[in-house]
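So this one's input10.cif, mmCIF, C-alpha atoms and all ligand atoms:
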```cif
data_work
loop_
_atom_site.label_atom_id
_atom_site.label_comp_id
_atom_site.auth_asym_id
_atom_site.auth_seq_id
_atom_site.Cartn_x
_atom_site.Cartn_y
_atom_site.Cartn_z
CA MET R 1 88.10 72.76 128.61
CA LEU R 2 85.35 71.54 130.94
CA ILE R 3 82.80 73.63 132.81
CA THR R 4 83.21 72.57 136.40
CA SER R 5 80.86 74.76 138.39
CA THR R 6 77.50 76.52 138.05
CA GLN R 7 79.22 79.67 139.31
CA GLU R 8 81.40 79.79 136.18
CA LEU R 9 78.30 79.36 134.07
CA SER R 10 76.33 82.10 135.81
CA LEU R 11 79.17 84.56 135.25
CA ARG R 12 78.95 84.25 131.47
CA PRO R 13 77.64 87.48 129.87
CA ARG R 14 74.03 87.49 128.72
CA ALA R 15 72.79 88.48 125.29
CA LYS R 16 71.03 91.84 125.09
CA GLY R 17 67.22 91.57 125.21
CA VAL R 18 64.50 93.81 123.90
CA ALA R 19 62.07 95.36 126.39
CA GLY R 20 58.46 94.48 125.83
CA SER R 21 59.20 92.25 122.84
CA ASN R 22 57.96 88.81 123.81
CA PRO R 23 54.83 87.35 125.28
CA VAL R 24 55.65 85.32 128.42
CA ASP R 25 58.70 83.30 127.44
CA PHE R 26 59.95 80.39 129.50
CA SER R 27 62.99 79.63 127.35
CA GLY R 28 65.30 81.55 129.72
CA LEU R 29 64.19 79.50 132.69
CA LEU R 30 64.75 76.39 130.65
CA ARG R 31 68.16 77.70 129.65
CA ARG R 32 69.16 78.25 133.29
CA LYS R 33 68.01 74.73 134.15
CA LEU R 34 69.88 73.26 131.17
CA LEU R 35 73.02 75.18 132.01
CA ALA R 36 72.94 73.76 135.51
CA MET R 37 72.58 70.27 134.00
CA THR R 38 75.48 70.77 131.61
CA GLN R 39 78.15 70.76 134.34
CA GLY R 40 81.00 68.66 132.95
CA PHE R 41 79.99 69.16 129.28
CA PRO R 42 82.69 70.45 126.90
CA ILE R 43 82.50 74.27 126.94
CA ALA R 44 82.07 74.33 123.13
CA CYS R 45 78.53 72.94 123.56
CA ILE R 46 77.33 75.86 125.68
CA PRO R 47 77.03 78.55 122.95
CA LEU R 48 75.02 76.09 120.87
CA ILE R 49 72.59 75.53 123.73
CA LEU R 50 72.29 79.29 124.28
CA LEU R 51 71.67 79.94 120.58
CA LYS R 52 69.00 77.29 120.45
CA LEU R 53 67.12 78.71 123.41
CA GLY R 54 67.31 82.40 122.50
CA ALA R 55 68.19 85.50 124.56
CA MET R 56 66.85 86.79 127.86
CA SER R 57 64.12 89.42 127.57
CA LEU R 58 62.87 92.07 129.98
CA GLU R 59 59.20 92.88 129.59
CA GLN R 60 57.78 96.00 131.24
CA GLU R 61 54.82 95.52 133.62
CA LEU R 62 52.55 97.99 135.40
CA THR R 63 51.86 97.08 139.06
CA ALA R 64 48.73 97.91 141.09
CA ASP R 65 50.15 101.07 142.69
CA GLY R 66 51.04 102.52 139.27
CA SER R 67 54.76 101.80 139.52
CA ILE R 68 56.67 99.96 136.81
CA THR R 69 58.52 96.68 137.10
CA TYR R 70 59.86 94.10 134.63
CA PHE R 71 59.38 90.41 133.91
CA ASN R 72 62.68 88.56 133.44
CA SER R 73 62.35 85.63 131.04
CA ASP R 74 65.58 83.98 132.26
CA PHE R 75 64.12 83.51 135.72
CA GLY R 76 60.46 83.40 134.70
CA GLU R 77 59.67 85.97 137.42
CA SER R 78 58.96 89.65 137.84
CA TYR R 79 61.24 91.94 139.82
CA HIS R 80 58.34 92.90 142.10
CA SER R 81 54.93 91.80 143.30
CA LYS R 82 51.92 92.72 141.15
CA HIS R 83 50.51 94.57 144.21
CA GLY R 84 53.05 97.34 143.68
CA ALA R 85 56.79 97.68 143.07
CA TYR R 86 56.97 100.93 145.04
CA ARG R 87 54.69 99.60 147.78
CA GLU R 88 56.79 96.46 148.16
CA ALA R 89 60.01 98.47 148.56
CA LEU R 90 58.36 100.81 151.08
CA GLU R 91 56.53 98.27 153.23
CA LYS R 92 58.52 95.04 152.89
CA HIS R 93 61.99 96.53 153.03
CA VAL R 94 62.23 100.18 154.10
CA GLN R 95 59.55 100.19 156.82
CA ALA R 96 60.28 96.57 157.82
CA CYS R 97 63.94 97.45 158.43
CA LYS R 98 62.82 100.49 160.49
CA ILE R 99 64.67 103.01 158.33
CA PRO R 100 62.52 106.01 159.48
CA GLU R 101 63.04 105.07 163.15
CA LEU R 102 66.80 104.62 162.67
CA VAL R 103 67.36 107.97 160.98
CA ALA R 104 65.27 109.73 163.61
CA LYS R 105 68.00 108.93 166.13
CA GLN R 106 71.21 108.80 164.07
CA ASN R 107 72.77 110.95 161.35
CA GLU R 108 74.55 108.10 159.57
CA LEU R 109 73.05 104.95 158.10
CA LYS R 110 74.65 102.00 156.30
CA ILE R 111 72.53 99.81 154.04
CA LEU R 112 73.35 96.65 152.08
CA ASP R 113 71.04 96.27 149.06
CA PHE R 114 71.45 92.59 148.13
CA CYS R 115 70.06 92.27 144.56
CA PHE R 116 69.69 95.88 143.55
CA GLY R 117 67.76 95.40 140.27
CA LEU R 118 65.91 98.62 139.45
CA GLY R 119 67.01 100.14 142.76
CA TYR R 120 63.55 100.62 144.30
CA ASN R 121 64.60 99.54 147.79
CA SER R 122 67.56 101.92 148.01
CA ALA R 123 65.72 104.81 146.33
CA VAL R 124 62.70 104.55 148.64
CA ALA R 125 65.02 104.22 151.66
CA ILE R 126 66.76 107.48 150.75
CA ALA R 127 63.48 109.30 150.08
CA GLU R 128 61.90 108.13 153.35
CA ALA R 129 65.04 108.88 155.37
CA LEU R 130 65.19 112.42 154.01
CA LYS R 131 61.60 113.07 155.10
CA VAL R 132 62.62 112.35 158.70
CA ASN R 133 66.18 113.65 158.78
CA PRO R 134 67.37 116.08 156.06
CA GLU R 135 70.89 115.93 157.55
CA ILE R 136 71.20 112.17 157.04
CA LYS R 137 74.29 110.64 155.41
CA ILE R 138 73.52 107.23 153.94
CA GLU R 139 76.09 104.75 152.68
CA ILE R 140 74.66 102.06 150.41
CA ILE R 141 76.47 99.05 148.98
CA ALA R 142 74.42 97.54 146.16
CA LEU R 143 75.02 94.04 144.79
CA GLU R 144 73.79 93.16 141.30
CA ASN R 145 75.21 91.09 138.44
CA ASP R 146 73.08 92.15 135.48
CA ARG R 147 74.07 95.31 133.61
CA GLU R 148 70.96 95.12 131.42
CA ILE R 149 68.51 95.84 134.24
CA LEU R 150 70.45 99.01 135.11
CA GLU R 151 69.49 100.41 131.72
CA LYS R 152 65.83 100.25 132.77
CA ILE R 153 66.28 102.38 135.91
CA THR R 154 64.08 105.48 136.08
CA GLN R 155 63.71 108.15 138.74
CA ILE R 156 61.91 106.97 141.89
CA ASP R 157 60.64 109.81 144.10
CA SER R 158 63.40 112.40 143.83
CA VAL R 159 66.14 109.77 143.58
CA ASP R 160 67.79 109.08 140.23
CA PHE R 161 70.17 106.12 139.95
CA SER R 162 70.23 106.05 136.14
CA GLY R 163 73.88 107.22 136.19
CA LEU R 164 74.88 103.74 137.38
CA VAL R 165 74.95 102.58 133.76
CA GLU R 166 78.02 104.80 133.30
CA LYS R 167 79.75 104.69 136.69
CA PRO R 168 79.52 102.45 139.76
CA ILE R 169 79.54 105.19 142.43
CA LEU R 170 76.87 107.87 142.84
CA GLU R 171 77.36 110.57 145.43
CA THR R 172 75.20 113.45 146.64
CA GLU R 173 75.14 115.51 149.82
CA ASN R 174 72.98 112.88 151.52
CA TYR R 175 74.08 109.57 150.12
CA ARG R 176 76.91 107.58 148.60
CA LEU R 177 75.88 104.49 146.65
CA GLU R 178 78.45 102.01 145.40
CA LEU R 179 77.38 99.26 143.01
CA LEU R 180 79.40 96.03 142.92
CA LEU R 181 78.47 94.65 139.50
CA ASP R 182 79.32 90.99 139.95
CA ASP R 183 77.91 87.76 141.28
CA ALA R 184 76.65 88.59 144.77
CA ARG R 185 78.23 85.34 146.02
CA LEU R 186 81.62 86.85 145.20
CA SER R 187 80.91 90.47 146.16
CA ILE R 188 79.73 89.55 149.64
CA ASP R 189 83.26 88.49 150.60
CA LYS R 190 84.53 92.04 150.04
CA LEU R 191 82.32 93.55 152.75
CA ASP R 192 83.06 94.10 156.44
CA ASN R 193 81.32 92.04 159.10
CA ASN R 194 78.96 93.66 161.66
CA TYR R 195 78.77 96.78 159.48
CA PHE R 196 75.27 97.41 158.08
CA ASP R 197 72.31 98.94 159.95
CA ALA R 198 69.86 97.29 157.55
CA ILE R 199 70.00 94.70 154.76
CA PHE R 200 67.44 94.43 151.97
CA PHE R 201 67.67 90.78 150.85
CA ASP R 202 65.83 90.64 147.54
CA PRO R 203 66.85 87.81 145.15
CA PHE R 204 64.40 86.12 142.81
CA SER R 205 62.52 83.30 144.57
CA PRO R 206 64.28 80.23 146.01
CA LYS R 207 62.52 78.14 143.35
CA VAL R 208 64.16 79.89 140.38
CA CYS R 209 67.30 81.30 142.03
CA PRO R 210 68.24 78.68 144.66
CA GLU R 211 71.92 79.66 144.57
CA LEU R 212 71.18 82.90 146.45
CA TRP R 213 69.16 81.16 149.19
CA GLN R 214 71.80 78.63 150.29
CA PRO R 215 72.19 78.60 154.09
CA GLU R 216 75.95 79.26 153.83
CA LEU R 217 75.33 82.40 151.77
CA ILE R 218 72.54 83.59 154.08
CA ALA R 219 74.94 83.15 157.01
CA GLU R 220 77.51 85.31 155.19
CA VAL R 221 74.87 87.99 154.56
CA VAL R 222 73.79 87.95 158.22
CA ALA R 223 77.45 88.30 159.27
CA LYS R 224 77.55 91.68 157.47
CA ALA R 225 74.71 93.10 159.61
CA ARG R 226 75.47 94.76 162.91
CA PRO R 227 73.83 93.16 165.96
CA GLY R 228 70.29 94.55 166.26
CA ALA R 229 69.92 95.15 162.51
CA HIS R 230 66.97 93.87 160.48
CA ILE R 231 67.29 91.85 157.27
CA SER R 232 64.15 92.04 155.14
CA THR R 233 62.85 89.51 152.61
CA TYR R 234 59.54 88.99 150.82
CA SER R 235 59.79 85.18 151.02
CA ASN R 236 58.18 83.05 153.69
CA SER R 237 59.62 79.84 152.22
CA ARG R 238 61.11 77.08 154.35
CA VAL R 239 64.61 77.82 152.98
CA ALA R 240 64.30 81.47 154.03
CA LYS R 241 63.08 80.54 157.52
CA ASP R 242 65.73 77.85 158.02
CA GLY R 243 68.53 79.92 156.51
CA PHE R 244 68.00 82.98 158.71
CA SER R 245 67.23 81.02 161.84
CA GLN R 246 70.33 78.80 161.41
CA ALA R 247 72.34 82.01 160.99
CA GLY R 248 71.28 82.98 164.51
CA CYS R 249 68.52 85.50 163.71
CA LYS R 250 65.19 85.93 165.46
CA LEU R 251 62.42 85.55 162.90
CA HIS R 252 59.40 87.82 162.57
CA GLU R 253 56.69 87.98 159.94
CA GLY R 254 57.20 90.99 157.69
CA PRO R 255 54.39 93.17 156.25
CA LYS R 256 51.85 91.25 154.12
CA CYS R 257 51.68 93.92 151.44
CA GLY R 258 48.65 92.46 149.63
CA ARG R 259 49.65 88.80 150.09
CA ARG R 260 48.25 86.23 152.54
CA ASN R 261 51.51 86.03 154.52
CA GLY R 262 54.40 88.37 155.15
CA GLY R 263 57.97 87.37 154.29
CA VAL R 264 60.70 86.49 156.75
CA LEU R 265 61.94 89.55 158.60
CA ALA R 266 65.15 88.57 160.38
CA LEU R 267 66.58 90.36 163.41
CA LYS R 268 70.27 89.79 164.13
C1 LIG T 301 63.81 90.32 142.58
S1 LIG T 301 65.03 91.14 141.62
C2 LIG T 301 65.50 92.48 142.68
C3 LIG T 301 64.55 93.65 142.64
C4 LIG T 301 65.21 94.90 143.14
N1 LIG T 301 65.50 94.88 144.54
C5 LIG T 301 64.44 96.14 142.75
O1 LIG T 301 64.04 96.92 143.63
O2 LIG T 301 64.26 96.34 141.55
C6 LIG T 301 66.44 90.08 141.80
C7 LIG T 301 67.74 90.65 141.25
O3 LIG T 301 68.79 89.73 141.52
C8 LIG T 301 69.73 89.82 140.47
N2 LIG T 301 70.57 88.61 140.52
C9 LIG T 301 70.26 87.35 140.15
N3 LIG T 301 71.29 86.52 140.37
C10 LIG T 301 72.29 87.28 140.90
C11 LIG T 301 73.59 87.00 141.36
N4 LIG T 301 74.09 85.76 141.33
N5 LIG T 301 74.34 88.02 141.84
C12 LIG T 301 73.84 89.28 141.90
N6 LIG T 301 72.59 89.61 141.50
C13 LIG T 301 71.83 88.62 141.01
C14 LIG T 301 68.87 89.94 139.24
O4 LIG T 301 69.58 90.45 138.15
C15 LIG T 301 67.76 90.86 139.75
O5 LIG T 301 68.08 92.20 139.47
#
```
Please express what this file holds, its structure, as structure tokens.
Amino acid sequence: MLITSTQELSLRPRAKGVAGSNPVDFSGLLRRKLLAMTQGFPIACIPLILLKLGAMSLEQELTADGSITYFNSDFGESYHSKHGAYREALEKHVQACKIPELVAKQNELKILDFCFGLGYNSAVAIAEALKVNPEIKIEIIALENDREILEKITQIDSVDFSGLVEKPILETENYRLELLLDDARLSIDKLDNNYFDAIFFDPFSPKVCPELWQPELIAEVVAKARPGAHISTYSNSRVAKDGFSQAGCKLHEGPKCGRRNGGVLALK
């Protein structure tokens, strides 16, 4: 049997890693690159390559605002900026997408959390929305393909998503969160167009995760937003700018959040 697409490769389960075990380890990044290069190789070769290169590890990191994030050795990147995991969720996503302003004038809010990870963006959105409107009902669809990161989730503000390890839907009086645990490129097709009031677009960088920054995928993501909705990113890369502008969005510069430039903030 031949491997014919990178998508098939990326859907293969990952070996379980050990938090905090390794110093910075680039073998995962190398493994992802090698896997992409092995398109067309007999499938029997792939486990050998994986064994040789070792398993993915998640290493805990403390960011400048005191909140915790992780370094993912497969991608060679952290889940958040060193300036603050919490701060990044609050400024770059929740405030950028105008969540407080939206819930001040409506009692229902629909959010797409594209690359859920540790859940900071959704958790901070719920906490901030509740400060403004205690009656709010929030529907969140969260896309993520890595079960291992869910095991690292801890309570953020008063919001606790740790139950997602056991079940994909969490429901309280104020929110309903549904996690689609699959490749986001597949999950996106299951969602309605023109539906979400805000989209947090938060993949690893285009350099290490180019598959989630393809213009066709960005266009699909934009299609899920209702007209007038914001789509937040931390990246100010050319692919981000081109992708969102080709999808018909107006581009703004998002909050800088400790960096020299803000990321692309797209308005549909
Ligand atoms: C920068 S992190 C997201 C951080 C997250 N928003 C948070 O607050 O913790 C990127 C996430 O994308 C996920 N990811 C990578 N490739 C994916 C794919 N093809 N489909 C779905 N999720 C993917 C990773 O597992 C990781 O959790």
Counting all atoms listed in the file, which residues of chain R fall within 6 Å of ligand LIG 301 (chain T), and what is the closest atom pair for each with its distance in Å at one decimal, ordered by chain and rising number, as CSV?
```
residue,atom,partner,partner_atom,distance
R:Tyr79,CA,T:LIG301,C1,4.1
R:Cys115,CA,T:LIG301,O3,4.2
R:Phe116,CA,T:LIG301,N1,4.4
R:Gly117,CA,T:LIG301,O5,3.3
R:Leu118,CA,T:LIG301,O2,3.5
R:Gly119,CA,T:LIG301,O1,4.5
R:Tyr120,CA,T:LIG301,O1,3.8
R:Asn121,CA,T:LIG301,O1,4.9
R:Leu143,CA,T:LIG301,C12,5.7
R:Glu144,CA,T:LIG301,N6,3.8
R:Asn145,CA,T:LIG301,C12,4.1
R:Asp146,CA,T:LIG301,O4,4.7
R:Asp183,CA,T:LIG301,N5,3.6
R:Ala184,CA,T:LIG301,N5,3.8
R:Asp202,CA,T:LIG301,N1,5.2
R:Pro203,CA,T:LIG301,C6,4.1
R:Phe204,CA,T:LIG301,C1,4.2
```
Inset, instruction - Give as a VMD selection string the set of residues within 9 Å of the point (67.1, 111.1, 163.4), where distances use the file's coordinates and all atoms listed in the file. - result: chain R and resid 100 to 108 129 132 to 136
Inset, instruction - Scan for residues within 10 Å of the point (59.5, 104.8, 143.3) in the coordinates of the file, using all atoms listed in the file, and reply as a PyMOL selection string. - result: chain R and resi 66-68+84-87+89-90+118-124+127+154-160
For the selection just defined, write its residues with C-alpha atoms to a file, as an mmCIF file, in the frame of the given file.
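out15.cif, freshly written:
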```cif
data_model
loop_
_atom_site.group_PDB
_atom_site.id
_atom_site.type_symbol
_atom_site.label_atom_id
_atom_site.label_comp_id
_atom_site.auth_asym_id
_atom_site.auth_seq_id
_atom_site.Cartn_x
_atom_site.Cartn_y
_atom_site.Cartn_z
ATOM 1 C CA GLY R 66 51.040 102.520 139.270
ATOM 2 C CA SER R 67 54.760 101.800 139.520
ATOM 3 C CA ILE R 68 56.670 99.960 136.810
ATOM 4 C CA GLY R 84 53.050 97.340 143.680
ATOM 5 C CA ALA R 85 56.790 97.680 143.070
ATOM 6 C CA TYR R 86 56.970 100.930 145.040
ATOM 7 C CA ARG R 87 54.690 99.600 147.780
ATOM 8 C CA ALA R 89 60.010 98.470 148.560
ATOM 9 C CA LEU R 90 58.360 100.810 151.080
ATOM 10 C CA LEU R 118 65.910 98.620 139.450
ATOM 11 C CA GLY R 119 67.010 100.140 142.760
ATOM 12 C CA TYR R 120 63.550 100.620 144.300
ATOM 13 C CA ASN R 121 64.600 99.540 147.790
ATOM 14 C CA SER R 122 67.560 101.920 148.010
ATOM 15 C CA ALA R 123 65.720 104.810 146.330
ATOM 16 C CA VAL R 124 62.700 104.550 148.640
ATOM 17 C CA ALA R 127 63.480 109.300 150.080
ATOM 18 C CA THR R 154 64.080 105.480 136.080
ATOM 19 C CA GLN R 155 63.710 108.150 138.740
ATOM 20 C CA ILE R 156 61.910 106.970 141.890
ATOM 21 C CA ASP R 157 60.640 109.810 144.100
ATOM 22 C CA SER R 158 63.400 112.400 143.830
ATOM 23 C CA VAL R 159 66.140 109.770 143.580
ATOM 24 C CA ASP R 160 67.790 109.080 140.230
#
```
Inset, instruction - For segment 192-198 of chain R, please output as a PyMOL selection string all residues within 12 Å (counting all atoms listed in the file; exclusion window: fewer than 6 positions along the same chain). - result: chain R and resi 93-103+106+108-114+121-122+125+138-142+219-233+265-268
Store the residues picked out above in a file with C-alpha atoms, as a PDB file, keeping the file's coordinate frame.
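See result-v2.pdb below for the written result:
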```pdb
ATOM      1  CA  HIS R  93      61.990  96.530 153.030  1.00  0.00           C
ATOM      2  CA  VAL R  94      62.230 100.180 154.100  1.00  0.00           C
ATOM      3  CA  GLN R  95      59.550 100.190 156.820  1.00  0.00           C
ATOM      4  CA  ALA R  96      60.280  96.570 157.820  1.00  0.00           C
ATOM      5  CA  CYS R  97      63.940  97.450 158.430  1.00  0.00           C
ATOM      6  CA  LYS R  98      62.820 100.490 160.490  1.00  0.00           C
ATOM      7  CA  ILE R  99      64.670 103.010 158.330  1.00  0.00           C
ATOM      8  CA  PRO R 100      62.520 106.010 159.480  1.00  0.00           C
ATOM      9  CA  GLU R 101      63.040 105.070 163.150  1.00  0.00           C
ATOM     10  CA  LEU R 102      66.800 104.620 162.670  1.00  0.00           C
ATOM     11  CA  VAL R 103      67.360 107.970 160.980  1.00  0.00           C
ATOM     12  CA  GLN R 106      71.210 108.800 164.070  1.00  0.00           C
ATOM     13  CA  GLU R 108      74.550 108.100 159.570  1.00  0.00           C
ATOM     14  CA  LEU R 109      73.050 104.950 158.100  1.00  0.00           C
ATOM     15  CA  LYS R 110      74.650 102.000 156.300  1.00  0.00           C
ATOM     16  CA  ILE R 111      72.530  99.810 154.040  1.00  0.00           C
ATOM     17  CA  LEU R 112      73.350  96.650 152.080  1.00  0.00           C
ATOM     18  CA  ASP R 113      71.040  96.270 149.060  1.00  0.00           C
ATOM     19  CA  PHE R 114      71.450  92.590 148.130  1.00  0.00           C
ATOM     20  CA  ASN R 121      64.600  99.540 147.790  1.00  0.00           C
ATOM     21  CA  SER R 122      67.560 101.920 148.010  1.00  0.00           C
ATOM     22  CA  ALA R 125      65.020 104.220 151.660  1.00  0.00           C
ATOM     23  CA  ILE R 138      73.520 107.230 153.940  1.00  0.00           C
ATOM     24  CA  GLU R 139      76.090 104.750 152.680  1.00  0.00           C
ATOM     25  CA  ILE R 140      74.660 102.060 150.410  1.00  0.00           C
ATOM     26  CA  ILE R 141      76.470  99.050 148.980  1.00  0.00           C
ATOM     27  CA  ALA R 142      74.420  97.540 146.160  1.00  0.00           C
ATOM     28  CA  ALA R 219      74.940  83.150 157.010  1.00  0.00           C
ATOM     29  CA  GLU R 220      77.510  85.310 155.190  1.00  0.00           C
ATOM     30  CA  VAL R 221      74.870  87.990 154.560  1.00  0.00           C
ATOM     31  CA  VAL R 222      73.790  87.950 158.220  1.00  0.00           C
ATOM     32  CA  ALA R 223      77.450  88.300 159.270  1.00  0.00           C
ATOM     33  CA  LYS R 224      77.550  91.680 157.470  1.00  0.00           C
ATOM     34  CA  ALA R 225      74.710  93.100 159.610  1.00  0.00           C
ATOM     35  CA  ARG R 226      75.470  94.760 162.910  1.00  0.00           C
ATOM     36  CA  PRO R 227      73.830  93.160 165.960  1.00  0.00           C
ATOM     37  CA  GLY R 228      70.290  94.550 166.260  1.00  0.00           C
ATOM     38  CA  ALA R 229      69.920  95.150 162.510  1.00  0.00           C
ATOM     39  CA  HIS R 230      66.970  93.870 160.480  1.00  0.00           C
ATOM     40  CA  ILE R 231      67.290  91.850 157.270  1.00  0.00           C
ATOM     41  CA  SER R 232      64.150  92.040 155.140  1.00  0.00           C
ATOM     42  CA  THR R 233      62.850  89.510 152.610  1.00  0.00           C
ATOM     43  CA  LEU R 265      61.940  89.550 158.600  1.00  0.00           C
ATOM     44  CA  ALA R 266      65.150  88.570 160.380  1.00  0.00           C
ATOM     45  CA  LEU R 267      66.580  90.360 163.410  1.00  0.00           C
ATOM     46  CA  LYS R 268      70.270  89.790 164.130  1.00  0.00           C
TER      47      LYS R 268
END
```
Legend entry - Closest of R:Leu251, R:Leu150, R:Leu180, R:Val264 to Glu166 of chain R - atom-to-atom distances counting all atoms listed in the file: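 Result for the nearest residue to Glu166 of chain R: R:Leu150.
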Legend entry - Among listed residues R:Arg147, R:Lys152, R:Lys131, R:Lys137, nearest Tyr70 of chain R (using all atoms listed in the file):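 Distance minimum relative to Tyr70 of chain R lands on R:Lys152.
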Inset, instruction - Calculate how many Å separate atom CA of Pro255 of chain R from atom CA of Ser187 of chain R, rounding to one decimal. - result: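 According to the coordinates, atom CA of Pro255 of chain R and atom CA of Ser187 of chain R are separated by 28.5 Å.
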Legend entry - Atomic separation - atom CA of Tyr234 of chain R relative to atom CA of Cys249 of chain R, Å: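 Going from atom CA of Cys249 of chain R over to atom CA of Tyr234 of chain R covers 16.1 Å.
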Inset, instruction - Rounded to one decimal place, report the atom CA of Leu212 of chain R-atom CA of Cys257 of chain R distance in Å. - result: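 It comes out at 22.9 Å.
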